[in-house]
file final04.txt (compact mmCIF, C-alpha atoms)
# COMPACT_ATOMS: atom_id res chain seq x y z
CA MET Y 1348 28.20 -38.83 -12.54
CA MET Y 1349 25.01 -37.13 -13.75
CA LEU Y 1350 23.03 -38.67 -10.89
CA ARG Y 1351 25.58 -37.31 -8.42
CA GLY Y 1352 25.23 -33.82 -9.96
CA LEU Y 1353 21.44 -33.94 -9.71
CA PHE Y 1354 21.65 -35.12 -6.11
CA THR Y 1355 24.06 -32.27 -5.27
CA LEU Y 1356 21.75 -29.74 -6.94
CA ALA Y 1357 18.72 -31.06 -5.04
CA LEU Y 1358 20.64 -30.96 -1.76
CA LEU Y 1359 21.75 -27.39 -2.44
CA MET Y 1360 18.19 -26.31 -3.23
CA CYS Y 1361 16.84 -27.89 -0.05
CA SER Y 1362 19.54 -26.31 2.08
CA THR Y 1363 18.89 -22.81 0.70
CA THR Y 1364 15.08 -22.90 0.74
CA PRO Y 1365 14.74 -21.88 4.43
CA ALA Y 1366 16.96 -18.85 3.84
CA PHE Y 1367 14.72 -17.67 1.01
CA ALA Y 1368 11.64 -18.24 3.17
CA LEU Y 1369 13.20 -16.17 5.96
CA ASP Y 1370 14.07 -13.32 3.58
CA THR Y 1371 10.42 -12.83 2.66
CA GLN Y 1372 10.01 -11.33 6.14
CA ARG Y 1373 12.86 -8.83 5.53
CA ALA Y 1374 11.88 -5.61 3.81
CA PRO Y 1375 14.92 -3.56 2.74
CA THR Y 1376 15.08 0.17 3.30
CA ALA Y 1377 15.95 2.65 0.54
CA SER Y 1378 19.69 2.46 1.32
CA GLY Y 1379 19.69 -1.32 1.07
CA HIS Y 1380 21.83 -1.51 4.22
CA ALA Y 1381 18.99 -2.04 6.72
CA TYR Y 1382 15.74 -3.96 6.69
CA ALA Y 1383 12.45 -4.06 8.51
CA GLU Y 1384 11.20 -7.20 10.21
CA PRO Y 1385 7.64 -7.45 11.51
CA TYR Y 1386 7.63 -8.01 15.25
CA ARG Y 1387 3.99 -8.06 16.29
CA ALA Y 1388 0.45 -7.35 15.07
CA VAL Y 1389 -2.28 -7.56 17.70
CA ARG Y 1390 -5.98 -6.87 17.10
CA LYS Y 1391 -7.95 -5.80 20.17
CA GLU Y 1392 -11.22 -3.86 20.50
CA GLY Y 1393 -11.19 -2.40 16.99
CA VAL Y 1394 -7.50 -1.47 17.04
CA LEU Y 1395 -4.65 -3.18 15.18
CA HIS Y 1396 -1.33 -2.50 16.94
CA ILE Y 1397 1.69 -3.17 14.70
CA GLU Y 1398 5.33 -3.19 15.78
CA VAL Y 1399 8.33 -3.41 13.45
CA ARG Y 1400 12.05 -3.70 14.19
CA PHE Y 1401 14.76 -2.36 11.91
CA LEU Y 1402 18.02 -4.27 11.70
CA THR Y 1403 21.29 -4.09 9.79
CA ASP Y 1404 24.06 -6.51 8.96
CA TYR Y 1405 26.20 -3.79 7.36
CA PRO Y 1406 29.25 -2.85 9.50
CA GLY Y 1407 29.48 0.91 9.95
CA TYR Y 1408 25.85 1.55 8.98
CA SER Y 1409 25.40 5.32 9.22
CA GLY Y 1410 21.62 5.32 9.70
CA GLU Y 1411 18.98 6.88 7.48
CA LEU Y 1412 15.79 8.91 7.51
CA ILE Y 1413 12.73 6.82 6.63
CA TYR Y 1414 10.16 9.62 6.94
CA GLU Y 1415 9.66 12.91 8.75
CA ASN Y 1416 6.65 15.15 9.46
CA ILE Y 1417 4.24 13.81 6.86
CA PRO Y 1418 1.26 16.17 6.55
CA LEU Y 1419 -1.89 14.68 8.04
CA GLU Y 1420 -3.78 14.95 4.75
CA ARG Y 1421 -1.13 12.81 2.96
CA ILE Y 1422 -0.31 10.22 5.63
CA ASP Y 1423 -3.03 7.71 4.70
CA GLY Y 1424 -1.52 7.31 1.22
CA LEU Y 1425 1.99 6.80 2.61
CA ILE Y 1426 1.58 4.71 5.77
CA TYR Y 1427 -1.14 2.06 5.78
CA ALA Y 1428 -1.81 -1.66 6.23
CA GLU Y 1429 -3.33 -3.71 3.46
CA PHE Y 1430 -4.96 -7.09 2.90
CA GLY Y 1431 -6.02 -7.91 -0.65
CA ASP Y 1432 -7.90 -4.87 -1.92
CA GLN Y 1433 -8.69 -3.60 1.61
CA SER Y 1434 -6.65 -0.75 3.06
CA PHE Y 1435 -6.50 0.09 6.79
CA SER Y 1436 -5.51 3.61 7.82
CA LEU Y 1437 -3.69 4.82 10.89
CA LEU Y 1438 -5.94 5.29 13.89
CA ARG Y 1439 -6.67 8.89 14.83
CA LYS Y 1440 -7.05 10.26 18.34
CA GLN Y 1441 -7.84 13.90 19.01
CA GLY Y 1442 -7.16 14.80 15.38
CA ASP Y 1443 -3.73 13.19 15.13
CA VAL Y 1444 -2.53 9.74 14.08
CA VAL Y 1445 -1.30 7.17 16.59
CA ALA Y 1446 2.14 6.79 15.00
CA PRO Y 1447 5.57 8.42 15.36
CA LYS Y 1448 5.94 11.82 13.65
CA SER Y 1449 9.24 10.68 12.14
CA LEU Y 1450 11.39 7.57 11.81
CA ARG Y 1451 15.17 7.85 11.72
CA LEU Y 1452 17.32 4.72 11.93
CA GLY Y 1453 20.43 4.94 14.08
CA PHE Y 1454 24.14 4.45 13.46
CA ASN Y 1455 25.49 0.94 14.03
CA TYR Y 1456 29.21 0.30 14.05
CA ASP Y 1457 29.07 -3.39 14.95
CA PRO Y 1458 25.91 -5.27 13.89
CA GLU Y 1459 27.47 -8.54 15.11
CA ARG Y 1460 26.91 -7.38 18.70
CA ASN Y 1461 23.45 -5.89 18.18
CA PRO Y 1462 21.91 -5.52 14.72
CA ARG Y 1463 18.98 -3.30 15.79
CA VAL Y 1464 18.98 0.24 14.41
CA GLY Y 1465 15.40 1.25 15.18
CA SER Y 1466 11.86 0.28 15.98
CA TRP Y 1467 8.46 1.56 14.99
CA LYS Y 1468 4.94 1.03 16.29
CA ALA Y 1469 1.56 2.43 15.41
CA ASP Y 1470 -2.15 1.76 15.73
CA PHE Y 1471 -4.44 1.17 12.77
CA VAL Y 1472 -8.14 0.76 12.29
CA ALA Y 1473 -8.51 -3.01 12.78
CA PRO Y 1474 -9.64 -5.22 9.92
CA LEU Y 1475 -12.57 -7.59 10.39
CA HIS Y 1476 -11.87 -10.89 12.16
CA ASP Y 1477 -11.74 -12.86 8.91
CA VAL Y 1478 -8.51 -11.00 7.98
CA ASN Y 1479 -5.61 -12.89 9.57
CA GLU Y 1480 -2.60 -11.07 8.09
CA VAL Y 1481 -1.68 -7.66 6.68
CA THR Y 1482 1.15 -6.05 4.75
CA LEU Y 1483 2.51 -2.73 6.01
CA PHE Y 1484 3.46 0.10 3.65
CA MET Y 1485 5.58 3.11 4.57
CA PRO Y 1486 7.91 5.48 2.70
CA ASN Y 1487 11.47 4.35 1.83
CA VAL Y 1488 10.87 0.72 2.85
CA ALA Y 1489 9.78 -2.21 0.71
CA PRO Y 1490 6.36 -3.65 1.68
CA ILE Y 1491 6.64 -5.29 5.12
CA GLY Y 1492 4.94 -8.63 5.56
CA PRO Y 1493 2.70 -10.42 5.38
CA ILE Y 1494 2.38 -9.94 9.13
CA PRO Y 1495 0.19 -12.48 10.94
CA ILE Y 1496 -2.45 -10.93 13.22
CA ARG Y 1497 -3.09 -12.24 16.73
CA ASP Y 1498 -6.38 -11.54 18.46
CA ARG Y 1499 -6.59 -10.61 22.12
call {"tool": "encode", "arguments": {"input": "final04.txt", "output": "structure tokens"}}
result
Amino acid sequence: MMLRGLFTLALLMCSTTPAFALDTQRAPTASGHAYAEPYRAVRKEGVLHIEVRFLTDYPGYSGELIYENIPLERIDGLIYAEFGDQSFSLLRKQGDVVAPKSLRLGFNYDPERNPRVGSWKADFVAPLHDVNEVTLFMPNVAPIGPIPIRDR
């Protein structure tokens, strides 16, 4: 009987392990009813382009504001990519960052049909080629990643 219990416990642990591994890629938002999933990180010619999708599995999700109009002098401390003790800031072009000014997730009545409630993409100063993954930080979302980097 004890052997059967141990076998059942081992089987249960093996069957749930992939779910836990998958959840490490889900970063919950402040409401807890949506989450960010990394979609793509591509390094090309000194630029790291990161894309993230926001999804929900909560029926009747009413949406939420992730951030809005962050002053340029504060944005590097709020939205950045990181690897170890290295931090990579948003890329700047003509005095402004290459990222959306705000991020608001949309309403979703039926996540069974389509769970997506938003997407986000931005360009960062690219890390050196020996860095092969980064974690993304932004307001009102748990750390996103690690996100593997592809080189082009």
call {"tool": "residues_around", "arguments": {"input": "final04.txt", "residues": "segment 1390-1393 of chain Y", "least_positions_apart": "6", "cutoff": "6 Å", "atoms": "only C-alpha atoms", "output": "VMD selection string"}}
result
chain Y and resid 1473 1498 to 1499
call {"tool": "residues_near_point", "arguments": {"input": "final04.txt", "point": "(3.6, 0.2, 17.0)", "cutoff": "10 Å", "atoms": "all atoms listed in the file", "output": "list of chain:residue names"}}
result
Y:Tyr1386, Y:Arg1387, Y:Ala1388, Y:Val1389, Y:Leu1395, Y:His1396, Y:Ile1397, Y:Glu1398, Y:Val1399, Y:Arg1400, Y:Val1445, Y:Ala1446, Y:Pro1447, Y:Ser1466, Y:Trp1467, Y:Lys1468, Y:Ala1469, Y:Asp1470, Y:Phe1471
call {"tool": "closest_residue", "arguments": {"input": "final04.txt", "among": "Y:Tyr1408, Y:Pro1385, Y:Leu1425, Y:Tyr1456", "to": "Glu1480 of chain Y", "atoms": "only C-alpha atoms"}}
result
Y:Pro1385
call {"tool": "closest_residue", "arguments": {"input": "final04.txt", "among": "Y:Thr1403, Y:Ser1409, Y:Thr1376, Y:Gln1433", "to": "Gly1453 of chain Y", "atoms": "all atoms listed in the file"}}
result
Y:Ser1409
call {"tool": "closest_residue", "arguments": {"input": "final04.txt", "among": "Y:Ser1436, Y:Gln1441, Y:Ser1378, Y:Asn1455", "to": "Val1394 of chain Y", "atoms": "all atoms listed in the file"}}
result
Y:Ser1436
call {"tool": "atom_distance", "arguments": {"input": "final04.txt", "atom1": "atom CA of Glu1429 of chain Y", "atom2": "atom CA of Leu1475 of chain Y"}}
result
12.2 Å
call {"tool": "residues_around", "arguments": {"input": "final04.txt", "residues": "segment 1415-1419 of chain Y", "least_positions_apart": "2", "cutoff": "9 Å", "atoms": "all atoms listed in the file", "output": "list in words"}}
result
Leu1412, Ile1413, Arg1421, Ile1422, Asp1423, Leu1425, Asp1443, Val1444, Pro1447, Lys1448, Ser1449, Leu1450 and Arg1451 of chain Y
call {"tool": "atom_distance", "arguments": {"input": "final04.txt", "atom1": "atom CA of Asp1477 of chain Y", "atom2": "atom CA of Gly1431 of chain Y"}}
result
12.2 Å
call {"tool": "atom_distance", "arguments": {"input": "final04.txt", "atom1": "atom CA of Asn1461 of chain Y", "atom2": "atom CA of Arg1373 of chain Y"}}
result
16.8 Å
call {"tool": "closest_residue", "arguments": {"input": "final04.txt", "among": "Y:Ile1426, Y:Ala1381, Y:Leu1483, Y:Leu1437", "to": "Gly1465 of chain Y", "atoms": "all atoms listed in the file"}}
result
Y:Ala1381
call {"tool": "closest_residue", "arguments": {"input": "final04.txt", "among": "Y:Gly1442, Y:Ala1383, Y:Ile1496, Y:Pro1406", "to": "Phe1484 of chain Y", "atoms": "only C-alpha atoms"}}
result
Y:Ala1383
